[in-house]
$ cat run-v2.pdb   # PDB, C-alpha atoms and all ligand atoms
MODEL        1
ATOM      1  CA  MET Z   1      71.010 123.594  42.145
ATOM      2  CA  LYS Z   2      71.764 119.858  42.275
ATOM      3  CA  ILE Z   3      71.828 118.040  45.612
ATOM      4  CA  GLY Z   4      72.368 114.398  46.399
ATOM      5  CA  PHE Z   5      73.400 111.542  48.620
ATOM      6  CA  VAL Z   6      76.314 109.144  48.366
ATOM      7  CA  GLN Z   7      75.093 105.871  49.837
ATOM      8  CA  LEU Z   8      77.926 103.486  50.702
ATOM      9  CA  ALA Z   9      79.292 101.183  53.367
ATOM     10  CA  PRO Z  10      82.351 102.823  54.981
ATOM     11  CA  VAL Z  11      85.012 100.232  55.822
ATOM     12  CA  LEU Z  12      85.410  99.814  59.573
ATOM     13  CA  GLY Z  13      88.860 101.028  60.639
ATOM     14  CA  ASP Z  14      90.112 101.458  57.056
ATOM     15  CA  PRO Z  15      89.670 105.075  55.903
ATOM     16  CA  ASP Z  16      91.896 104.495  52.853
ATOM     17  CA  ALA Z  17      89.524 101.822  51.548
ATOM     18  CA  THR Z  18      86.552 104.109  52.272
ATOM     19  CA  MET Z  19      88.191 107.012  50.440
ATOM     20  CA  GLN Z  20      88.781 104.756  47.413
ATOM     21  CA  LYS Z  21      85.080 103.904  47.384
ATOM     22  CA  ILE Z  22      84.078 107.572  47.624
ATOM     23  CA  ASP Z  23      86.569 108.447  44.909
ATOM     24  CA  ARG Z  24      84.983 105.829  42.632
ATOM     25  CA  LEU Z  25      81.456 107.040  43.412
ATOM     26  CA  ILE Z  26      82.220 110.761  42.951
ATOM     27  CA  GLN Z  27      84.163 110.891  39.671
ATOM     28  CA  ASP Z  28      82.448 113.849  38.016
ATOM     29  CA  LYS Z  29      80.633 116.956  39.079
ATOM     30  CA  THR Z  30      77.108 115.572  39.151
ATOM     31  CA  ALA Z  31      75.967 117.812  42.015
ATOM     32  CA  ASP Z  32      76.635 121.061  43.880
ATOM     33  CA  LEU Z  33      76.087 119.515  47.310
ATOM     34  CA  LEU Z  34      76.577 115.856  48.263
ATOM     35  CA  VAL Z  35      75.962 114.184  51.608
ATOM     36  CA  LEU Z  36      77.891 111.122  52.853
ATOM     37  CA  PRO Z  37      76.904 108.773  55.715
ATOM     38  CA  GLU Z  38      77.599 109.118  59.458
ATOM     39  CA  LEU Z  39      81.102 108.325  60.829
ATOM     40  CA  CYS Z  40      82.399 107.893  57.292
ATOM     41  CA  ASN Z  41      86.093 108.103  58.250
ATOM     42  CA  SER Z  42      85.929 105.265  60.782
ATOM     43  CA  GLY Z  43      82.881 103.032  60.414
ATOM     44  CA  TYR Z  44      80.339 102.629  63.193
ATOM     45  CA  ASN Z  45      80.198  99.436  65.210
ATOM     46  CA  PHE Z  46      83.307  99.686  67.406
ATOM     47  CA  ARG Z  47      84.353  96.805  69.645
ATOM     48  CA  ASP Z  48      84.857  99.207  72.536
ATOM     49  CA  ALA Z  49      85.766 102.775  73.466
ATOM     50  CA  THR Z  50      89.458 102.132  72.790
ATOM     51  CA  GLN Z  51      88.716 101.204  69.197
ATOM     52  CA  ALA Z  52      86.429 104.211  68.745
ATOM     53  CA  ARG Z  53      89.328 106.458  69.857
ATOM     54  CA  GLU Z  54      91.919 104.629  67.797
ATOM     55  CA  TRP Z  55      89.937 105.360  64.617
ATOM     56  CA  ALA Z  56      89.030 108.969  65.462
ATOM     57  CA  GLU Z  57      90.880 111.909  63.895
ATOM     58  CA  GLU Z  58      91.509 115.530  64.736
ATOM     59  CA  ILE Z  59      90.067 117.728  62.021
ATOM     60  CA  GLU Z  60      93.382 119.599  61.607
ATOM     61  CA  HIS Z  61      95.340 116.368  61.015
ATOM     62  CA  SER Z  62      92.765 114.282  59.187
ATOM     63  CA  GLY Z  63      93.694 112.620  55.894
ATOM     64  CA  PHE Z  64      89.977 112.066  55.332
ATOM     65  CA  ILE Z  65      89.174 115.793  55.545
ATOM     66  CA  ARG Z  66      92.117 116.633  53.244
ATOM     67  CA  PHE Z  67      90.696 114.099  50.755
ATOM     68  CA  LEU Z  68      87.231 115.729  50.915
ATOM     69  CA  GLU Z  69      88.786 119.173  50.477
ATOM     70  CA  ALA Z  70      90.666 117.982  47.379
ATOM     71  CA  LYS Z  71      87.476 116.458  45.923
ATOM     72  CA  CYS Z  72      85.494 119.661  46.569
ATOM     73  CA  SER Z  73      88.189 121.805  45.031
ATOM     74  CA  GLU Z  74      88.623 119.538  41.986
ATOM     75  CA  LEU Z  75      84.876 119.294  41.268
ATOM     76  CA  ASP Z  76      83.762 122.665  42.668
ATOM     77  CA  LEU Z  77      81.165 121.271  45.054
ATOM     78  CA  HIS Z  78      80.307 121.033  48.755
ATOM     79  CA  ILE Z  79      80.280 117.793  50.732
ATOM     80  CA  VAL Z  80      78.747 117.077  54.138
ATOM     81  CA  SER Z  81      80.150 113.957  55.773
ATOM     82  CA  GLY Z  82      79.892 112.143  59.062
ATOM     83  CA  PHE Z  83      83.224 112.239  60.900
ATOM     84  CA  ASN Z  84      84.607 110.530  64.006
ATOM     85  CA  GLU Z  85      86.163 113.610  65.595
ATOM     86  CA  MET Z  86      88.818 113.731  68.306
ATOM     87  CA  ALA Z  87      88.914 117.154  69.979
ATOM     88  CA  GLY Z  88      91.213 117.419  72.970
ATOM     89  CA  ASP Z  89      90.365 114.396  75.064
ATOM     90  CA  HIS Z  90      86.808 114.057  73.761
ATOM     91  CA  LEU Z  91      85.277 112.143  70.871
ATOM     92  CA  TYR Z  92      82.329 113.629  68.960
ATOM     93  CA  ASN Z  93      80.069 112.122  66.315
ATOM     94  CA  THR Z  94      80.370 115.071  63.948
ATOM     95  CA  ALA Z  95      79.117 116.240  60.556
ATOM     96  CA  VAL Z  96      81.659 118.330  58.646
ATOM     97  CA  LEU Z  97      80.810 120.717  55.827
ATOM     98  CA  VAL Z  98      83.635 120.997  53.300
ATOM     99  CA  GLY Z  99      83.769 123.210  50.201
ATOM    100  CA  PRO Z 100      86.251 124.208  47.507
ATOM    101  CA  GLU Z 101      87.930 126.535  50.027
ATOM    102  CA  GLY Z 102      88.202 123.900  52.737
ATOM    103  CA  LEU Z 103      86.306 123.202  55.956
ATOM    104  CA  GLN Z 104      83.311 125.520  56.267
ATOM    105  CA  GLY Z 105      81.544 124.268  59.353
ATOM    106  CA  LYS Z 106      80.753 121.393  61.637
ATOM    107  CA  TYR Z 107      77.958 120.073  63.823
ATOM    108  CA  ARG Z 108      78.392 117.614  66.689
ATOM    109  CA  LYS Z 109      75.563 115.082  67.108
ATOM    110  CA  ILE Z 110      73.459 116.071  70.099
ATOM    111  CA  HIS Z 111      71.344 112.943  70.545
ATOM    112  CA  LEU Z 112      73.507 109.834  70.834
ATOM    113  CA  PHE Z 113      72.122 106.380  69.960
ATOM    114  CA  MET Z 114      72.655 103.190  71.998
ATOM    115  CA  LYS Z 115      76.379 102.335  72.415
ATOM    116  CA  GLU Z 116      77.417 105.736  71.054
ATOM    117  CA  LYS Z 117      76.723 106.913  74.610
ATOM    118  CA  ASP Z 118      79.723 104.819  75.732
ATOM    119  CA  TYR Z 119      82.116 106.353  73.188
ATOM    120  CA  PHE Z 120      81.125 109.916  72.333
ATOM    121  CA  HIS Z 121      80.430 113.147  74.123
ATOM    122  CA  PRO Z 122      77.063 114.578  73.083
ATOM    123  CA  GLY Z 123      77.317 117.735  70.987
ATOM    124  CA  ASP Z 124      77.829 120.829  73.078
ATOM    125  CA  ARG Z 125      76.515 123.500  70.673
ATOM    126  CA  GLU Z 126      73.191 124.503  69.160
ATOM    127  CA  PRO Z 127      72.694 123.382  65.543
ATOM    128  CA  ALA Z 128      74.052 126.070  63.203
ATOM    129  CA  VAL Z 129      73.259 127.188  59.678
ATOM    130  CA  PHE Z 130      75.961 127.765  57.059
ATOM    131  CA  ASP Z 131      75.613 130.090  54.087
ATOM    132  CA  LEU Z 132      76.698 128.566  50.768
ATOM    133  CA  GLY Z 133      75.626 131.592  48.734
ATOM    134  CA  GLU Z 134      72.845 129.969  46.719
ATOM    135  CA  CYS Z 135      71.340 128.362  49.824
ATOM    136  CA  LYS Z 136      71.722 127.916  53.575
ATOM    137  CA  VAL Z 137      72.388 124.466  54.976
ATOM    138  CA  GLY Z 138      72.159 122.917  58.404
ATOM    139  CA  CYS Z 139      73.291 119.484  59.577
ATOM    140  CA  LEU Z 140      71.818 116.810  61.820
ATOM    141  CA  VAL Z 141      73.288 113.348  62.395
ATOM    142  CA  CYS Z 142      71.273 110.133  62.270
ATOM    143  CA  PHE Z 143      69.276 109.643  65.514
ATOM    144  CA  ASP Z 144      68.789 113.399  65.810
ATOM    145  CA  TRP Z 145      65.956 112.667  63.358
ATOM    146  CA  ILE Z 146      63.535 111.716  66.136
ATOM    147  CA  PHE Z 147      63.762 115.095  67.903
ATOM    148  CA  PRO Z 148      61.524 117.674  66.192
ATOM    149  CA  GLU Z 149      63.137 120.471  68.201
ATOM    150  CA  VAL Z 150      66.416 120.431  66.234
ATOM    151  CA  TRP Z 151      64.694 120.430  62.850
ATOM    152  CA  ARG Z 152      62.684 123.451  63.955
ATOM    153  CA  ILE Z 153      65.726 125.335  65.255
ATOM    154  CA  LEU Z 154      67.496 124.895  61.904
ATOM    155  CA  ALA Z 155      64.390 125.949  59.967
ATOM    156  CA  LEU Z 156      63.952 129.023  62.183
ATOM    157  CA  LYS Z 157      67.615 129.885  61.591
ATOM    158  CA  GLY Z 158      66.928 129.925  57.856
ATOM    159  CA  ALA Z 159      68.127 126.519  56.647
ATOM    160  CA  ASP Z 160      66.901 125.711  53.139
ATOM    161  CA  ILE Z 161      68.431 122.221  53.140
ATOM    162  CA  ILE Z 162      69.178 119.934  56.082
ATOM    163  CA  CYS Z 163      71.988 117.478  55.425
ATOM    164  CA  HIS Z 164      71.582 114.313  57.463
ATOM    165  CA  PRO Z 165      74.499 111.831  57.468
ATOM    166  CA  SER Z 166      73.160 108.580  58.904
ATOM    167  CA  ASN Z 167      73.869 104.980  59.879
ATOM    168  CA  LEU Z 168      70.241 103.945  60.356
ATOM    169  CA  VAL Z 169      69.426 100.528  61.793
ATOM    170  CA  LEU Z 170      65.732 100.743  62.817
ATOM    171  CA  PRO Z 171      63.980  99.569  59.632
ATOM    172  CA  GLY Z 172      62.054 102.317  57.862
ATOM    173  CA  LEU Z 173      61.466 104.625  60.838
ATOM    174  CA  ALA Z 174      63.644 107.603  59.912
ATOM    175  CA  GLN Z 175      62.913 107.163  56.226
ATOM    176  CA  SER Z 176      59.196 107.633  57.073
ATOM    177  CA  ALA Z 177      59.784 110.574  59.402
ATOM    178  CA  VAL Z 178      62.190 112.618  57.278
ATOM    179  CA  PRO Z 179      59.598 113.707  54.671
ATOM    180  CA  ILE Z 180      57.325 114.793  57.546
ATOM    181  CA  HIS Z 181      60.076 116.934  59.073
ATOM    182  CA  ALA Z 182      60.631 118.403  55.595
ATOM    183  CA  LEU Z 183      56.915 119.145  55.293
ATOM    184  CA  SER Z 184      56.370 120.609  58.765
ATOM    185  CA  ASN Z 185      59.380 122.896  58.379
ATOM    186  CA  ARG Z 186      59.026 123.507  54.613
ATOM    187  CA  ILE Z 187      62.634 122.611  53.888
ATOM    188  CA  PHE Z 188      64.630 120.175  51.768
ATOM    189  CA  VAL Z 189      66.267 117.202  53.481
ATOM    190  CA  VAL Z 190      69.015 114.891  52.230
ATOM    191  CA  THR Z 191      69.378 111.783  54.363
ATOM    192  CA  ALA Z 192      72.509 109.859  53.310
ATOM    193  CA  ASN Z 193      72.326 106.447  54.893
ATOM    194  CA  ARG Z 194      74.780 103.582  54.690
ATOM    195  CA  THR Z 195      74.437  99.979  53.609
ATOM    196  CA  GLY Z 196      76.054  96.729  54.688
ATOM    197  CA  LYS Z 197      76.639  95.016  58.018
ATOM    198  CA  GLU Z 198      79.102  95.520  60.845
ATOM    199  CA  GLY Z 199      78.976  92.719  63.426
ATOM    200  CA  ASP Z 200      75.436  92.502  64.784
ATOM    201  CA  LEU Z 201      74.232  95.659  63.021
ATOM    202  CA  ALA Z 202      72.589  95.757  59.573
ATOM    203  CA  PHE Z 203      72.199  99.197  58.032
ATOM    204  CA  THR Z 204      69.060  99.991  56.090
ATOM    205  CA  GLY Z 205      70.044 102.115  53.059
ATOM    206  CA  LEU Z 206      67.056 103.871  51.426
ATOM    207  CA  SER Z 207      68.808 107.224  51.469
ATOM    208  CA  THR Z 208      66.142 109.847  50.869
ATOM    209  CA  ILE Z 209      65.742 113.348  49.447
ATOM    210  CA  ALA Z 210      62.530 115.132  50.462
ATOM    211  CA  ASP Z 211      61.147 118.517  49.424
ATOM    212  CA  PRO Z 212      59.319 121.255  51.399
ATOM    213  CA  ARG Z 213      55.943 119.698  50.548
ATOM    214  CA  GLY Z 214      56.987 116.365  52.049
ATOM    215  CA  ASN Z 215      57.400 114.684  48.657
ATOM    216  CA  ILE Z 216      60.106 112.064  48.344
ATOM    217  CA  LEU Z 217      62.078 113.297  45.341
ATOM    218  CA  LEU Z 218      64.428 110.326  45.305
ATOM    219  CA  GLN Z 219      65.064 107.212  47.368
ATOM    220  CA  ALA Z 220      67.992 104.803  47.058
ATOM    221  CA  SER Z 221      67.895 101.022  47.191
ATOM    222  CA  GLY Z 222      68.141  99.238  50.521
ATOM    223  CA  ASP Z 223      71.493  97.612  49.833
ATOM    224  CA  LYS Z 224      73.477  99.137  46.948
ATOM    225  CA  GLU Z 225      76.275 101.667  46.973
ATOM    226  CA  GLU Z 226      74.979 104.475  44.799
ATOM    227  CA  VAL Z 227      74.828 108.212  44.221
ATOM    228  CA  GLY Z 228      71.439 109.909  43.865
ATOM    229  CA  VAL Z 229      71.076 113.491  42.652
ATOM    230  CA  VAL Z 230      68.068 115.749  42.035
ATOM    231  CA  GLU Z 231      67.762 119.281  40.756
ATOM    232  CA  ILE Z 232      65.955 121.653  43.129
ATOM    233  CA  ASP Z 233      65.100 125.294  43.536
ATOM    234  CA  PRO Z 234      66.307 125.977  47.093
ATOM    235  CA  SER Z 235      64.274 129.207  47.274
ATOM    236  CA  LEU Z 236      61.076 127.081  47.519
ATOM    237  CA  SER Z 237      61.961 126.606  51.184
ATOM    238  CA  SER Z 238      61.482 130.308  51.879
ATOM    239  CA  ASN Z 239      57.724 129.974  51.298
ATOM    240  CA  LYS Z 240      56.425 129.097  54.757
ATOM    241  CA  TRP Z 241      52.756 129.661  53.808
ATOM    242  CA  VAL Z 242      50.629 126.496  53.943
ATOM    243  CA  THR Z 243      47.405 128.323  53.046
ATOM    244  CA  PRO Z 244      46.901 132.035  52.293
ATOM    245  CA  ARG Z 245      46.134 132.436  56.026
ATOM    246  CA  ASN Z 246      48.592 129.989  57.608
ATOM    247  CA  HIS Z 247      52.290 130.631  57.962
ATOM    248  CA  ILE Z 248      54.200 127.898  59.811
ATOM    249  CA  PHE Z 249      56.392 130.325  61.747
ATOM    250  CA  ASP Z 250      54.039 133.289  62.275
ATOM    251  CA  ASP Z 251      51.160 131.077  63.434
ATOM    252  CA  ARG Z 252      53.219 129.504  66.187
ATOM    253  CA  ARG Z 253      52.256 130.284  69.822
ATOM    254  CA  PRO Z 254      55.591 130.118  71.674
ATOM    255  CA  GLU Z 255      54.048 131.694  74.786
ATOM    256  CA  LEU Z 256      52.134 128.403  75.155
ATOM    257  CA  TYR Z 257      55.170 126.200  74.507
ATOM    258  CA  ARG Z 258      57.169 126.994  77.624
ATOM    259  CA  TYR Z 259      56.731 123.409  78.840
ATOM    260  CA  LEU Z 260      59.176 122.399  76.097
ATOM    261  CA  VAL Z 261      62.121 123.931  77.925
ATOM    262  CA  ASN Z 262      60.764 124.436  81.451
ATOM    263  CA  SER Z 263      58.945 121.215  82.298
ATOM    264  CA  PRO Z 264      58.722 120.813  86.096
ATOM    265  CA  PRO Z 265      61.010 118.293  87.836
ATOM    266  CA  ASP Z 266      58.096 115.876  88.508
ATOM    267  CA  SER Z 267      56.833 115.834  84.897
ATOM    268  CA  PRO Z 268      56.924 112.614  82.785
ATOM    269  CA  GLY Z 269      59.593 114.236  80.617
ATOM    270  CA  ALA Z 270      61.831 114.820  83.616
ATOM    271  CA  GLU Z 271      61.337 111.213  84.756
ATOM    272  CA  GLY Z 272      62.363 110.022  81.287
ATOM    273  CA  ARG Z 273      65.506 112.108  81.382
ATOM    274  CA  LEU Z 274      66.562 110.626  84.730
ATOM    275  CA  LYS Z 275      65.792 107.041  83.713
ATOM    276  CA  SER Z 276      67.548 107.200  80.378
ATOM    277  CA  LYS Z 277      70.728 108.307  82.123
ATOM    278  CA  GLY Z 278      70.891 105.255  84.364
ATOM    279  CA  LYS Z 279      68.979 102.393  82.825
ATOM    280  CA  GLU Z 280      68.366 100.486  79.638
ATOM    281  CA  ARG Z 281      64.735 100.793  78.606
ATOM    282  CA  GLU Z 282      62.469  98.900  76.269
ATOM    283  CA  GLY Z 283      62.679 100.401  72.817
ATOM    284  CA  ASN Z 284      61.330  99.836  69.359
ATOM    285  CA  ARG Z 285      64.405  97.999  68.135
TER     286      ARG Z 285
HETATM  287  C1  LIG M 301      72.108 106.180  64.721
HETATM  288  O1  LIG M 301      71.958 107.261  65.292
HETATM  289  N1  LIG M 301      73.260 105.855  64.166
HETATM  290  C2  LIG M 301      70.998 105.228  64.636
ENDMDL
END
$ encode --input "run-v2.pdb" --output "structure tokens" --more "lines below"
Ligand code: ACM
Amino acid sequence: MKIGFVQLAPVLGDPDATMQKIDRLIQDKTADLLVLPELCNSGYNFRDATQAREWAEEIEHSGFIRFLEAKCSELDLHIVSGFNEMAGDHLYNTAVLVGPEGLQGKYRKIHLFMKEKDYFHPGDREPAVFDLGECKVGCLVCFDWIFPEVWRILALKGADIICHPSNLVLPGLAQSAVPIHALSNRIFVVTANRTGKEGDLAFTGLSTIADPRGNILLQASGDKEEVGVVEIDPSLSSNKWVTPRNHIFDDRRPELYRYLVNSPPDSPGAEGRLKSKGKEREGNR
């Protein structure tokens, strides 16, 4: 199976121009599964909430989704893309999975980054796994990368490949962490990042494909629009043995992990949750 990223700079507020770029980059069937960056139909750095809404689309009426469906049908492949989704009165930062038969699934970003908190509702559903026949895929979106819990949920649900549309701005952090998430969950990961600048934000490129041993199979440049594809055996992800006596799922001790979901109200984690709702905090920007 061939999997890859399409690294490009979506054009802010101009989905037609973005679709032309994608069309140019995906001319032939070079892969079975391709991943595009986050918020590919709209761009990222909105002036305000009004602009974020103006450039959102409902999945049912989206020209961008129809374009992806046509591409998938023409080239017999699957595409995962970031999508600025309007659903009812809410906006979500979504990843859509499209195949030759149309839309096959979606995931709404759970962990919103910086100003996204002013525009989007956080995802309201647990990460899901979708069966493509030759493999199972899950999706995460950009800043989700820093939360090990969601990687683990997808691995436990049987994901072979995690597709990770991104608009990364913190230099090198996610690109260093992604192979580690691949290793600790014994899965493949395709991080499709974007390039270019929008206002005060510079995006970091270096789209990455990692394997279940944590090897970087392929990494893009920091600044070019490019497609990167590797051939993999997705069944390698079903081997969760690290040594003949260590299995990453069976050796877990969930009875000792209850603090993860039941930390008491006065714990440092609870304090963090309260503070991050109300205040800006020092970060590693
Ligand atoms: C990000 O979540 N777009 C950094």
$ resolve_selection --input "run-v2.pdb" --expression "the PyMOL selection byres (((chain Z and resi 227) around 9) and not hetatm)" --output "ChimeraX atom specification"
/Z:4-8,25-26,34,220,225-226,228-229
$ resolve_selection --input "run-v2.pdb" --expression "the PyMOL selection byres (((not hetatm)) within 9 of (chain M and resi 301))" --output "compact mmCIF listing (two decimals) with C-alpha atoms, in the frame of the given file"
# COMPACT_ATOMS: atom_id res chain seq x y z
CA GLU Z 38 77.60 109.12 59.46
CA LEU Z 39 81.10 108.32 60.83
CA TYR Z 44 80.34 102.63 63.19
CA LYS Z 109 75.56 115.08 67.11
CA HIS Z 111 71.34 112.94 70.54
CA LEU Z 112 73.51 109.83 70.83
CA PHE Z 113 72.12 106.38 69.96
CA MET Z 114 72.66 103.19 72.00
CA GLU Z 116 77.42 105.74 71.05
CA VAL Z 141 73.29 113.35 62.40
CA CYS Z 142 71.27 110.13 62.27
CA PHE Z 143 69.28 109.64 65.51
CA ASP Z 144 68.79 113.40 65.81
CA TRP Z 145 65.96 112.67 63.36
CA SER Z 166 73.16 108.58 58.90
CA ASN Z 167 73.87 104.98 59.88
CA LEU Z 168 70.24 103.94 60.36
CA VAL Z 169 69.43 100.53 61.79
CA LEU Z 170 65.73 100.74 62.82
$ resolve_selection --input "run-v2.pdb" --expression "the PyMOL selection byres (((chain Z and resi 68-80) around 6) and not hetatm)" --output "compact mmCIF listing (two decimals) with C-alpha atoms, in the coordinates of the input"
# COMPACT_ATOMS: atom_id res chain seq x y z
CA LYS Z 29 80.63 116.96 39.08
CA ASP Z 32 76.64 121.06 43.88
CA LEU Z 33 76.09 119.52 47.31
CA LEU Z 34 76.58 115.86 48.26
CA VAL Z 35 75.96 114.18 51.61
CA ILE Z 65 89.17 115.79 55.54
CA ARG Z 66 92.12 116.63 53.24
CA PHE Z 67 90.70 114.10 50.76
CA SER Z 81 80.15 113.96 55.77
CA VAL Z 96 81.66 118.33 58.65
CA LEU Z 97 80.81 120.72 55.83
CA VAL Z 98 83.64 121.00 53.30
CA GLY Z 99 83.77 123.21 50.20
CA PRO Z 100 86.25 124.21 47.51
CA GLY Z 102 88.20 123.90 52.74
$ residues_near_point --input "run-v2.pdb" --point "(83.2, 102.2, 57.5)" --cutoff "8 Å" --atoms "only C-alpha atoms" --output "PyMOL selection string"
chain Z and resi 9-15+18+39-44
$ closest_residue --input "run-v2.pdb" --among "Z:Asn262, Z:Gln219, Z:Ser62, Z:Asn193" --to "Z:Asn84" --atoms "all atoms listed in the file"
Z:Ser62
